[in-house]
Structures are given as C-alpha cells and as structure tokens.
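Novice: Sending over a structure as structure tokens; questions will come in a sec.
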Amino acid sequence: MQHITGIPRNQLFFSSLEDSISLENPVRFVEAFVEALDLGSLGFTVQTIKTEGRPSFDTKIFLKLYLYCYLNGLRGSRKLEKECIRNIELRWLLCGLVPNYHSISDFRKQNPIGLKKLFKLFVSFLKDADLISGEVIAIDGTKSRAHNSKKANFNQKKIERHLAYIEEKTQEYLTQLDQNDTQDNGINITKIQEKIERLKNNKIGYELLEAKLKASGEPQISTTDEDARALLVQGVVVEISYNIQAAVDNKHNLVVATHTINRNDLNALGAIALEAKENLGAATFTALVDKGYHNGREIAYCKDHNITTIVAHPTPGISKDSVTKPDYLVAKFTYNKAEDTYTCPQGATLKTTGRWHKKTGRTEQSGYQFKKYRTPACKECPVKHLCTSRAGGREIDRSEYADAIEENNQRYRENPQLYRTRQEINEHIFGTIKRQWGYNHTNLIGLEKVNGEHSLIMLVYNIKRTINILGVPDLIAKLKNWKSPYKTKGVFVFKRVYLRLFNDLFGLDLAIAA
C-alpha cells in the first residue's frame, strides 16, 4: 500500500516566517495591537537602552509573548521560554528572540498596573468599534484559588487550637521526663528534650502570628500570601481564594470591567458597577445581579451614581424557633411613605419616634442606621401569637437604605425575562476561563499582582471573542482607524529582523509596510 510521504529531513528549501503565518492568524492581531501602543504612558515598566552591559529586551516583546500564550492556554514562564524556541507563530511574533524564563516571569510581576490599564484601554477600543452597547450589564464573580494552602491560613480559633495542642503535648513529654528520671534512660531523655524544644519554637511562632492577626484587625491571616482569604466557594466548601469580579455587556458578551477582591460578593456591587460605568463612559445602564450581591448599602450606592440595579431578592428564612407565620412576615406589612408608617395585615398602624439606631457590623463599613416601628394595638390583637413572641408586640426595623431596596425589588418582580438573561450573558465566561483554559488558580502572590494577571486573562478573553466576531483582518483595520491617546505616533511599523538581514545580504530594497 502506498503511503503519503513527507519532506526529507536533510532537504534544503527556501522559505520565510512570513510565509508560514496566514492573514487570519490571531498572532497578527497581537502584533498589530502591541505595536500600536505607547506602553510607557500605560504604566508599563519600559526597558531603556543602556550604554554599557548586555542589551535588554524591548518591553513589547514580553507583552506580545504573554498575550499570545494566554490566548493559547500557556502561562508558566519556563513553558513560555520553550514555546519561543519550538513555536513557529512565536518565532514570527518575536522575530526569533528567546527571552529567559526569569525575565518573562518578572514582566508579569512588575506590571500589574499596566495590565489593568491595558484591559480598560481595550474596552474603550471595543466601544469605539461599536461592539459594546453599554445598556445592560450582567455582574458576577468567581473564585480563583490562591497560592496559599489551607494549612497556611489561620483565624483566632485555629491558632488557639494549635496552642492548646502544643500545651497538651508539652505536658505529656514533661510527664515522660519525670518517669525516665527513675529509669536513667539517657537516649529517651535526649529525644524528649528535643521534642519539647521544637514545641517551644512552634509556640513562639503561633504567638507571633496571633499578635499579627490582632494587629491587622482582620478575622483571618495567611502566611504564604498575606492577601489571600478563606472564601466560601459553594455550599459549605471553603478555599483559600481570590474573588474575580466581572461586568459583562449583553451585546456580544464582552467584559467591560473587572477587578479582583479578597472577600465575598455581598459588599462588592458598588465598586464593580461604578468601574463599568467609568470604563464605558455611560450616563447610566441597567445592572443584572444575583442575590449574593443583595446589600442595601451597595444598591443605594448604585442608585446615587445613576446605575439601575436588578438584584435578585433572597428568600427570607424563618427560624425554627420563630412563631411568625408566612402571612405575617415583614413583606406582608405595607409601608406608607407619606406618613412614614407601616400597616399590618390586621389593619393596625405601626409608627416610629423618628430616632435612628445604629446597627454595627463586622466592619465599620458594614454598619447601617435604622428606625423602629411599633403599635400598642398588638396587646389586644387576637392573632399576636401568629405574628410575634415579643411581649411588647411586633417591632419592625426599617433601614436607611430601604427605599433603594424596595425600588430594586420592584424592578426584579417586574422584569423576570430580562433578569433571566443574566446567566446567558456572564456565566459562560467563567466556564470558558476556568474549565476550558484552566485558569482556575493563580501562582502570583499579593492582591495587586493577582489583579494584574486576572486583568490579562479578561483581556485575552475579549481579544479571542472579538476575533471570532469580526475576524483578524477587519479587527486590524478597525485598530488602525482607532483614535486613542495611548497609541504610538505615526503609522504601524512591523519590524522584521530577517527582512533587514535579507536586504543586507542580497542588496534588495524591501519595504517594511505598515
């Protein structure tokens, strides 16, 4: 049977890297995009030409390398160095240069601010290219595992548990020493004394950690990555993680705002919504958000900044010990705004003295003010036992953010079809990034650096999705016509070392076109 034969390995043939890269190859957009940027004005650490020593790599080389590799699911610096040697697309992109893995790694660690600004700049390009509507934005978050194990994360109870164990084992070894005194067993005594000394050192370490935890004012502390926190991932599952926030436009499901925090979603809505508004330059938009973000202060903050929220209202829970029946929950009481009173299901009016009370939270920021509403009619009410067990009658607390909450909840009830699109808009983005690309963790340490990497991940997501929408040639054409203060002056210049070398060898006048 005759088989298809390949090219003999010792056969010579003339070709160029340019011939190997098609016009539709995404690597061409990476080249065009980076060459169009003024990295210094974006906050990147730009390598300057030195008069002495070994010449440095151009900063754009590293940015091109990271954009290409993250687009193709590669992120380790040693792996990136290998790809520079064996990957023909990277050889074309970097003109055959092979940076050291250490220099590659340093670029990502040293430029988190530049990477965040670059993401925002690309959002402005998408808006100018009419790929973003800026009218309906879905907001959600996902957890990314930190470079910190559970064993290296401590709270006060965990430290106390370790100290108690050390105290117990120390006492056990001291008892063994007393027993060995009568047996005159020198070998056992030496080993026990070594263990006691080790426990003493461990105790000092935990006491120092306890002092550091109390000084920080935080409920927990991590030793490998001090910014990482134990966050609830799903159900009762806890991981030492970061929380990636993302705001996604509904037109083409492109990310318009992102940042990473080290807490859960409850207090995160205002910051990501305002960031989306600033990135879009929009006067207002409608934010679709799940119930994990339902927080009166955050909803009121969005309202104050002219952002319309549709946040799912969590179902109120009823304690097993509570006597309140479903027909007498707070939602069944009618608020009268003009009189500032409540009307109960039995028709009684609950009034307030107008005094504001302070509700304290775990932090000063999470506290809020509220007013109390009561009625003397509870004393003679025939259904009091169905409403409350409080001797003085039913008491309702109304938060200072109640108006904003009620308006939000009303929009949620009136727009069920619109709210249902939330999952279609943003949930698949996290699935793509974490399941398909494997970006479910970070190896960087510190909130700022992690923010930089996650901004890079969201940037390459937008690039890949935009390429799928428009195609590489049309995208490059829009890039050339784009007006941005961060673009390099003049036309696109694609420098090719091998073309210059070819010109020197053969004396041909080859133009390097834009």
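By order of appearance in the structure tokens: chains A, B, ..., then residues from 1 within every chain, and ligands from 1 in the order shown.
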Excluding same-chain residues fewer than 5 positions from A:Ile137, what lies within 6 Å of it counting only C-alpha atoms, as a PDB file with C-alpha atoms, in the first residue's frame?

Specialist:
ATOM      1  CA  VAL A 248     -20.256  41.809  31.009  1.00  0.00           C
ATOM      2  CA  ASP A 249     -22.084  43.694  28.248  1.00  0.00           C
ATOM      3  CA  ALA A 287     -27.094  46.009  36.053  1.00  0.00           C
TER       4      ALA A 287
END

Novice: In stretch 96-228 of chain A, what's helix (DSSP H, G or I) per DSSP? Answer as a ChimeraX atom specification?

Specialist: /A:101-110,112-128,150-152,156-183,186-216

Novice: Please identify which residues in stretch 318-492 of chain A DSSP calls strand (DSSP E) from the backbone, and express them as a PyMOL selection string.

Specialist: chain A and resi 334-336+341-343+349-350+357-359+368-373+396-399

Novice: Compile the contact shell of stretch 217-223 of chain A as a count of residues only: residues with an atom at most 12 Å away, counting only C-alpha atoms, same-chain residues fewer than 3 positions apart removed.

Specialist: 38

Novice: Near A:Ser20, within 9 Å and counting only C-alpha atoms, which residues show up once chain neighbours fewer than 2 positions away are dropped, as a list in words?

Specialist: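 Near A:Ser20, the qualifying residues are Ser15, Ser16, Leu17, Glu18, Ser22, Ile88, Glu89 and Trp92 of chain A.
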